Structures are given as structure tokens and as C-alpha cells.
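Trainee: What follows is coords.cif; its format and atoms are mmCIF, C-alpha atoms.
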data_target
#
loop_
_atom_site.label_atom_id
_atom_site.label_comp_id
_atom_site.auth_asym_id
_atom_site.auth_seq_id
_atom_site.Cartn_x
_atom_site.Cartn_y
_atom_site.Cartn_z
CA MET X 245 -20.41 30.07 33.71
CA SER X 246 -17.50 32.44 34.23
CA ARG X 247 -14.25 32.28 32.35
CA ALA X 248 -12.32 31.19 35.48
CA VAL X 249 -14.66 28.24 35.96
CA TRP X 250 -14.20 27.21 32.32
CA VAL X 251 -10.45 27.34 32.78
CA ARG X 252 -10.61 25.10 35.86
CA VAL X 253 -12.86 22.61 34.08
CA LEU X 254 -10.60 22.41 31.04
CA THR X 255 -7.51 22.11 33.22
CA ARG X 256 -8.97 19.18 35.15
CA ALA X 257 -9.97 17.48 31.91
CA LEU X 258 -6.49 17.88 30.46
CA VAL X 259 -4.83 16.66 33.66
CA GLY X 260 -7.11 13.63 33.79
CA ARG X 261 -6.44 12.82 30.16
CA THR X 262 -2.71 13.22 30.63
CA SER X 263 -2.72 10.91 33.64
CA ARG X 264 -4.68 8.29 31.74
CA LEU X 265 -2.29 8.49 28.79
CA ALA X 266 0.72 8.12 31.09
CA ALA X 267 -0.84 5.07 32.77
CA PHE X 268 -1.67 3.64 29.34
CA ALA X 269 1.95 4.11 28.22
CA VAL X 270 3.22 2.21 31.28
CA VAL X 271 0.75 -0.63 30.77
CA LEU X 272 1.55 -0.79 27.05
CA ALA X 273 5.28 -1.03 27.81
CA MET X 274 4.65 -3.87 30.27
CA VAL X 275 2.45 -5.74 27.77
CA ALA X 276 5.00 -5.25 24.98
CA GLY X 277 7.74 -6.64 27.21
CA GLY X 278 5.61 -9.66 28.07
CA CYS X 279 4.85 -10.45 24.41
CA LEU X 280 8.44 -11.47 23.74
CA PRO X 281 8.83 -15.29 23.89
CA ALA X 282 11.17 -16.72 26.49
CA ALA X 283 14.61 -17.10 24.90
CA ALA X 284 15.72 -20.70 24.35
CA THR X 285 19.30 -19.96 23.25
CA GLN X 286 22.24 -18.01 24.63
CA GLN X 287 22.05 -15.70 21.64
CA GLY X 288 18.33 -15.22 22.31
CA HIS X 289 19.13 -14.03 25.83
CA ALA X 290 21.18 -11.21 24.30
CA VAL X 291 18.16 -10.16 22.23
CA SER X 292 15.85 -10.40 25.24
CA ASP X 293 18.17 -8.31 27.42
CA LEU X 294 18.41 -5.63 24.73
CA TRP X 295 14.63 -5.62 24.25
CA THR X 296 14.14 -5.15 28.00
CA ALA X 297 16.59 -2.23 28.04
CA PHE X 298 14.70 -0.50 25.21
CA ILE X 299 11.35 -1.07 26.91
CA VAL X 300 12.66 0.40 30.17
CA ALA X 301 14.11 3.41 28.34
CA ALA X 302 10.90 4.01 26.40
CA ALA X 303 8.76 3.73 29.54
CA GLY X 304 11.07 6.09 31.41
CA VAL X 305 10.93 8.71 28.65
CA GLY X 306 7.15 8.40 28.47
CA ILE X 307 6.69 8.80 32.21
CA LEU X 308 9.08 11.80 32.28
CA VAL X 309 7.36 13.60 29.39
CA TRP X 310 3.81 13.04 30.56
CA GLY X 311 4.81 13.78 34.15
CA LEU X 312 6.29 17.15 33.19
CA ILE X 313 3.23 17.97 31.10
CA THR X 314 0.97 17.17 34.04
CA ILE X 315 3.05 19.29 36.44
CA ALA X 316 3.04 22.21 34.00
CA LEU X 317 -0.74 22.01 33.56
CA ILE X 318 -1.40 21.93 37.30
CA ARG X 319 1.21 24.24 38.71
CA TYR X 320 1.39 26.87 36.00
CA ARG X 321 -2.24 27.05 34.93
CA ARG X 322 -3.74 30.49 34.59
CA ARG X 323 -5.72 31.65 37.62
CA ALA X 324 -8.30 34.39 38.02
CA VAL X 325 -5.90 36.51 40.06
CA ASP X 326 -3.40 36.38 37.22
CA ALA X 327 -5.81 37.59 34.55
CA ALA X 328 -4.26 41.04 34.36
CA THR X 329 -0.62 39.98 34.62
CA ILE X 330 1.84 38.33 32.28
CA PRO X 331 3.78 35.32 33.56
CA PRO X 332 7.56 35.73 33.95
CA GLN X 333 9.30 35.38 30.60
CA ILE X 334 12.43 33.21 30.73
CA HIS X 335 15.18 33.74 28.15
CA ASP X 336 18.52 31.98 27.67
CA ALA X 337 17.92 29.12 30.15
CA ARG X 338 21.24 27.48 29.34
CA ARG X 339 21.15 24.80 32.01
CA LEU X 340 17.72 23.66 30.93
CA GLU X 341 18.67 23.72 27.26
CA ILE X 342 21.85 21.73 27.95
CA ALA X 343 19.86 19.20 29.97
CA TRP X 344 17.19 18.53 27.35
CA THR X 345 19.85 18.34 24.63
CA ALA X 346 22.41 16.20 26.45
CA GLY X 347 19.86 13.85 28.01
CA PRO X 348 18.51 12.35 24.76
CA ILE X 349 22.01 12.18 23.29
CA VAL X 350 23.32 10.23 26.29
CA LEU X 351 20.29 7.91 26.17
CA VAL X 352 20.73 7.21 22.44
CA LEU X 353 24.47 6.57 22.89
CA LEU X 354 23.74 4.19 25.76
CA LEU X 355 21.21 2.23 23.70
CA PHE X 356 23.67 2.19 20.79
CA TRP X 357 26.38 0.77 23.06
CA LEU X 358 24.00 -1.89 24.40
CA THR X 359 23.05 -2.81 20.83
CA LEU X 360 26.69 -3.28 19.82
CA GLY X 361 27.22 -5.50 22.87
CA ALA X 362 24.19 -7.62 21.97
CA LEU X 363 25.40 -7.98 18.37
CA ASP X 364 28.82 -9.11 19.62
CA ARG X 365 27.15 -11.81 21.76
CA ILE X 366 24.93 -12.93 18.87
CA ASP X 367 27.75 -13.07 16.29
CA ALA X 368 30.34 -14.70 18.60
CA ARG X 369 31.96 -17.90 17.35
CA GLU X 370 33.00 -20.75 19.64
CA PRO X 371 35.37 -23.69 18.97
CA GLY X 372 34.27 -27.31 19.02
CA ARG X 373 31.02 -26.67 17.20
CA VAL X 374 28.63 -29.10 15.53
CA THR X 375 28.21 -27.93 11.94
CA VAL X 376 24.90 -28.18 10.10
CA ASP X 377 24.48 -27.02 6.51
CA VAL X 378 20.92 -25.73 6.12
CA THR X 379 19.58 -25.43 2.59
CA ALA X 380 16.20 -23.85 1.90
CA PHE X 381 14.25 -24.72 -1.22
CA ARG X 382 10.66 -24.37 -2.32
CA TRP X 383 9.06 -25.43 -0.09
CA GLN X 384 11.06 -27.29 2.54
CA TRP X 385 14.46 -27.62 4.16
CA ARG X 386 17.52 -29.83 3.89
CA PHE X 387 19.88 -30.39 6.83
CA ASP X 388 23.33 -31.78 6.03
CA TYR X 389 25.80 -32.90 8.72
CA PRO X 390 29.12 -32.78 6.82
CA ASP X 391 31.16 -34.31 9.65
CA ALA X 392 28.86 -37.35 9.83
CA GLY X 393 27.79 -37.68 6.19
CA ILE X 394 24.09 -37.42 7.06
CA SER X 395 21.38 -35.54 5.17
CA ILE X 396 17.79 -34.91 6.25
CA VAL X 397 15.41 -33.65 3.58
CA GLY X 398 11.89 -32.45 4.20
CA ALA X 399 9.00 -33.15 1.86
CA PRO X 400 5.47 -31.78 1.45
CA GLY X 401 3.56 -32.80 4.55
CA THR X 402 6.75 -34.08 6.22
CA PRO X 403 8.74 -31.14 7.63
CA ALA X 404 12.46 -31.64 8.10
CA GLU X 405 13.78 -32.01 11.65
CA MET X 406 17.20 -30.81 12.72
CA VAL X 407 18.62 -32.76 15.66
CA VAL X 408 21.38 -31.06 17.65
CA PRO X 409 22.96 -31.43 21.10
CA ALA X 410 21.70 -29.05 23.78
CA GLY X 411 24.19 -26.87 25.63
CA GLU X 412 26.76 -26.97 22.80
CA PRO X 413 27.45 -24.38 20.08
CA ILE X 414 25.87 -25.27 16.73
CA HIS X 415 27.42 -23.69 13.63
CA ILE X 416 24.86 -23.24 10.87
CA VAL X 417 25.72 -22.49 7.25
CA LEU X 418 22.51 -21.21 5.68
CA THR X 419 21.81 -20.94 1.96
CA ALA X 420 19.05 -21.39 -0.61
CA THR X 421 18.78 -22.99 -4.04
CA ASP X 422 16.04 -21.00 -5.77
CA VAL X 423 14.60 -17.84 -4.19
CA ALA X 424 15.16 -15.91 -0.97
CA HIS X 425 13.95 -17.66 2.18
CA ALA X 426 14.43 -16.97 5.90
CA PHE X 427 15.33 -19.32 8.77
CA TYR X 428 13.15 -18.37 11.73
CA VAL X 429 12.56 -20.13 15.06
CA PRO X 430 10.47 -17.90 17.38
CA ALA X 431 11.88 -19.41 20.59
CA PHE X 432 15.40 -18.49 19.44
CA LEU X 433 14.45 -14.80 18.96
CA PHE X 434 16.46 -15.05 15.78
CA LYS X 435 15.90 -14.82 12.02
CA ARG X 436 18.40 -14.96 9.18
CA ASP X 437 17.90 -14.77 5.42
CA ALA X 438 18.73 -17.68 3.14
CA ILE X 439 19.90 -16.21 -0.17
CA PRO X 440 20.96 -18.26 -3.21
CA GLY X 441 24.72 -18.09 -3.75
CA ARG X 442 25.40 -16.18 -0.51
CA PRO X 443 25.94 -18.47 2.51
CA ASN X 444 24.95 -16.95 5.84
CA GLU X 445 26.80 -18.37 8.86
CA PHE X 446 25.93 -18.10 12.55
CA ASP X 447 26.11 -20.00 15.83
CA LEU X 448 23.32 -21.11 18.14
CA THR X 449 23.58 -22.64 21.61
CA ILE X 450 20.29 -24.11 22.82
CA ASP X 451 19.91 -24.05 26.59
CA GLU X 452 17.65 -27.04 27.26
CA PRO X 453 16.54 -30.19 25.41
CA GLY X 454 13.22 -29.84 23.63
CA ALA X 455 11.50 -29.42 20.28
CA TYR X 456 11.35 -25.93 18.81
CA GLY X 457 9.14 -25.19 15.83
CA GLY X 458 10.24 -22.86 13.06
CA GLN X 459 9.29 -21.73 9.59
CA CYS X 460 10.33 -19.74 6.58
CA ALA X 461 9.73 -16.06 7.34
CA GLU X 462 10.22 -14.73 3.81
CA PHE X 463 7.37 -15.10 1.34
CA CYS X 464 8.67 -17.56 -1.25
CA GLY X 465 5.71 -18.70 -3.27
CA VAL X 466 2.33 -20.36 -3.23
CA PHE X 467 3.20 -22.99 -0.58
CA HIS X 468 5.15 -20.66 1.68
CA ASP X 469 2.92 -21.58 4.64
CA ARG X 470 3.98 -25.23 4.39
CA MET X 471 7.67 -24.46 4.72
CA THR X 472 7.98 -25.40 8.38
CA LEU X 473 10.74 -27.12 10.33
CA THR X 474 11.58 -28.46 13.77
CA VAL X 475 14.80 -28.11 15.75
CA ARG X 476 15.06 -30.89 18.33
CA ALA X 477 17.70 -30.41 20.99
CA VAL X 478 18.78 -33.54 22.86
CA THR X 479 21.46 -34.52 25.33
CA ARG X 480 24.92 -35.44 24.01
CA PRO X 481 24.41 -39.23 24.55
CA GLU X 482 21.08 -39.05 22.72
CA TYR X 483 22.67 -37.09 19.91
CA ASP X 484 25.50 -39.62 19.53
CA ALA X 485 22.94 -42.44 19.42
CA TRP X 486 20.94 -40.57 16.79
CA LEU X 487 24.07 -40.09 14.67
CA ALA X 488 24.91 -43.78 14.94
CA GLY X 489 21.41 -44.71 13.81
CA LYS X 490 21.62 -42.41 10.80
CA GLN X 491 25.08 -43.44 9.59
CA VAL X 492 25.23 -44.86 6.06
CA PRO X 493 25.86 -48.66 6.15
CA PRO X 494 29.23 -49.95 4.93
CA SER X 495 29.74 -50.48 1.20
CA GLY X 496 27.93 -53.62 -0.01
CA ALA X 497 25.42 -53.69 2.83
CA ALA X 498 21.78 -52.97 2.21
CA ALA X 499 20.56 -49.66 3.53
CA SER X 500 17.28 -49.52 5.38
CA GLY X 501 15.05 -47.14 7.24
CA PRO X 502 15.16 -43.36 6.77
CA VAL X 503 18.63 -43.42 5.20
CA ALA X 504 17.46 -45.81 2.49
CA ALA X 505 14.40 -43.69 1.84
CA LEU X 506 16.60 -40.60 1.49
CA GLN X 507 19.02 -42.36 -0.86
CA ALA X 508 16.16 -43.70 -2.96
CA SER X 509 14.55 -40.28 -3.34
CA PRO X 510 17.33 -37.83 -4.27
CA SER X 511 14.85 -35.75 -6.23
CA VAL X 512 13.01 -34.56 -3.12
CA ALA X 513 15.34 -31.59 -2.91
CA PRO X 514 15.90 -29.48 -6.00
#
Written as C-alpha cells, that's how I'd like the structure from this file.

Mentor:
Amino acid sequence: MSRAVWVRVLTRALVGRTSRLAAFAVVLAMVAGGCLPAAATQQGHAVSDLWTAFIVAAAGVGILVWGLITIALIRYRRRAVDAATIPPQIHDARRLEIAWTAGPIVLVLLLFWLTLGALDRIDAREPGRVTVDVTAFRWQWRFDYPDAGISIVGAPGTPAEMVVPAGEPIHIVLTATDVAHAFYVPAFLFKRDAIPGRPNEFDLTIDEPGAYGGQCAEFCGVFHDRMTLTVRAVTRPEYDAWLAGKQVPPSGAAASGPVAALQASPSVAP
């Protein structure tokens, strides 16, 4: 087999491999975009939008790079008629050099600007919020409603449930009593650390009523896997009814139900 034939065979193999890699990059970008859970909060939508922008940018860069490689392999491959000649040598291609320098810089600055915008949306504070103090301890959660005087404490085998109104901003003050934990609800596309002595504050606005499972996302000890929680979003009338049912009875009256159980077991939380 002549040298020219070997060159053609190798060129076709490289082109085919390049095309397959480009197709794989596109499919991988689409799969990665689809792996992100649907956002259940307004802050989660900011994360989802930013993730989509990064996926589109990455796919575009991949298609451009592999496309140019494929074009170079096909169009500028060495042919038998060119065996005795040297291809034109290009020096000082300023326009090309400016383009491949400015292009990535502009793309990075654009993604940086989009990231700052997403952070502003995530960290925004709104008036008229329902405040919930969330305390992490090994190996459960405690939810305190300071405006209503209600506390919900989880126990082994009985995860704590946070009840909040849907469509309204919820202000969460997150802390821990022993070691570092992390408040994580996958549907919220959001995770924040709970660090002893350093309260971490943020707002969440859940779009629709429903139950959203969460867990501690920071390894905190032998029963870390049992440190789960549930955030249940309800309508405002349902939330008001829940608050009324959890209110501490007047002084002198006998407490009953979950409130009595909580008052009788103050040692559940550390």
C-alpha cells in the first residue's frame, strides 16, 4: 500500500473519530442538562438558568473546537500532489490571534456576569417573611418559629418536618450545636452549611405546595445517613390552621398532642 493511500486511510479514521467525539460532547451536554432536578423555588430557578447558560456555552465551545479540527483535517490534509511542496507558512496573523484571545475572554466575562446576577437573585431579601430558625444537631433537626413560639424537633426514626406557606418568602436562620452540618434539599437546588456559632441566613420562596425531602449533606458522624428532613409547603390558610393547632395552650391548661410530647421531652435536642 502506497504512502498516499495510508494518508487517506488515516485521515478518514481521524475525521470519523473527531465527528464521533463531537457528537458525544453534544449528547453529554444534553444529558448533563437533563440531570438537574426541576427547581421548586424562585432561588432554584436562578441556579437552573445559570446551569443552562454554562451548558450551552460548553457545548458551543466543544462544537466549535471539534468542528475546526475536522475542517482542518479534511481541507488541509496532505495530498500526493503536494508531496514535494511546503504549505504556505503564515506569520503574524493578528486578526486570528486577536479573535482566539478576545473570544474566550468575552465568554468568561459573560459567564462571570451571569453568575453575579444569579447570586444576587439567590441572596435577595424580601420583606414580610416567615422566619424559621433551623438548628442542626447529631443527628436530626430542630425548627423553631420565633414569631409563633413553636418548636419542632426530630428524633431518631422520626425526621423533623418544616411547614411553611408556599409562594411566600421564608427567612431561614441556620446554625448547628455540635459539628458542621449542611442543609440540603435537592429540589431547591440549594445547599448551605450549618456551622456552630456562625448563623447562616438565607431566603427561600417555594413555588407550589408539596413535600420536599432533604438531608444533611456534610458528613457528621456515624448516623449521618439518618439525618433527613422534610419541607412541606402548604397554602396560607393551611399554614395558619397548622400554626393554630401547634400553639401552646394558655397557662394552667393541660397541653396535649405533639406540643405536649415536645414539652415533655426537652432532651431530644442537645

Trainee: Which is closer to Ala399 (chain X) than all the others in X:Val475, X:Arg470, X:Arg442, X:Leu351, using all atoms listed in the file?

Mentor: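 Ranking X:Val475, X:Arg470, X:Arg442, X:Leu351 by distance to Ala399 (chain X), first place goes to X:Arg470.
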
Trainee: Any chance you could tabulate, as CSV, the residues of region 428-461 of chain X at most 8 Å from region 400-420 of chain X with each one's nearest atom pair and distance in Å to one decimal, using only C-alpha atoms, in chain and rising number order?

Mentor:
residue,atom,partner,partner_atom,distance
X:Asp437,CA,X:Leu418,CA,7.9
X:Ala438,CA,X:Thr419,CA,4.6
X:Ile439,CA,X:Ala420,CA,5.3
X:Pro440,CA,X:Ala420,CA,4.5
X:Gly441,CA,X:Thr419,CA,7.0
X:Arg442,CA,X:Thr419,CA,6.5
X:Pro443,CA,X:Thr419,CA,4.8
X:Asn444,CA,X:Leu418,CA,4.9
X:Glu445,CA,X:Val417,CA,4.6
X:Phe446,CA,X:Ile416,CA,5.5
X:Asp447,CA,X:His415,CA,4.5
X:Leu448,CA,X:Ile414,CA,5.1
X:Thr449,CA,X:Pro413,CA,4.5
X:Ile450,CA,X:Ala410,CA,5.2
X:Asp451,CA,X:Gly411,CA,5.2
X:Glu452,CA,X:Ala410,CA,5.7
X:Pro453,CA,X:Ala410,CA,5.5

Trainee: Could you give me the axis-aligned bounding box of region 375-394 of chain X, with 6 Å of padding per side, as centre plus edge lengths in Å to one decimal, as lines of an AutoDock Vina configuration file?

Mentor:
center_x = 20.1
center_y = -30.8
center_z = 4.8
size_x = 34.1
size_y = 25.8
size_z = 26.3

Trainee: For Leu355 (chain X), list every protein, DNA or RNA residue within 12 Å, evaluated using only C-alpha atoms, and leave out those in the same chain fewer than 5 positions away; present the list as a list in words.

Mentor: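 Contacts, with the query itself left out: Asp293, Leu294, Trp295, Thr296, Ala297, Phe298, Ile299, Val300, Ala301, Ala302, Pro348, Ile349, Val350, Leu360, Gly361 and Ala362 of chain X.
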
Trainee: Between CA of Arg322 (chain X) and CA of Val309 (chain X), what is the distance, to one decimal in Å?

Mentor: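 Between CA of Arg322 (chain X) and CA of Val309 (chain X) the gap works out to 20.9 Å.
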
Trainee: To one decimal in Å, tell me the separation between CA of Tyr428 (chain X) and CA of Gln459 (chain X).

Mentor: 5.5 Å

Trainee: So how many Å separate CA of Arg476 (chain X) and CA of Val291 (chain X), to one decimal?

Mentor: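 Here the two named atoms are 21.3 Å from each other.
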
Trainee: Spell out the residues picked by the PyMOL selection byres ((chain X and resi 467) around 10) here, as a ChimeraX atom specification.

Mentor: /X:382-384,400,463-466,468-471

Trainee: Go through X:Ile334, X:Ile394, X:Cys460, X:Ala303 one by one, measure the shortest atom-to-atom distance of each to Ala380 (chain X) using all atoms listed in the file, and give the residue with the smallest value.

Mentor: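 Result for the nearest residue to Ala380 (chain X): X:Cys460.
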
Trainee: Find the residue from X:Ile315, X:Gly306, X:Gly372, X:Leu363 that sits nearest to Phe434 (chain X); use only C-alpha atoms when measuring.

Mentor: X:Leu363

Trainee: Of the candidates X:Ile330, X:Ala316, X:Val305, X:Ala455, which one gets nearest to Gly347 (chain X) if we count all atoms listed in the file?

Mentor: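 Under the stated criterion, the closest residue is X:Val305.
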
Trainee: Near Tyr456 (chain X), within 9 Å and counting all atoms listed in the file, which residues show up once chain neighbours fewer than 6 positions away are dropped, as a ChimeraX atom specification?

Mentor: /X:284,429-432,473-477
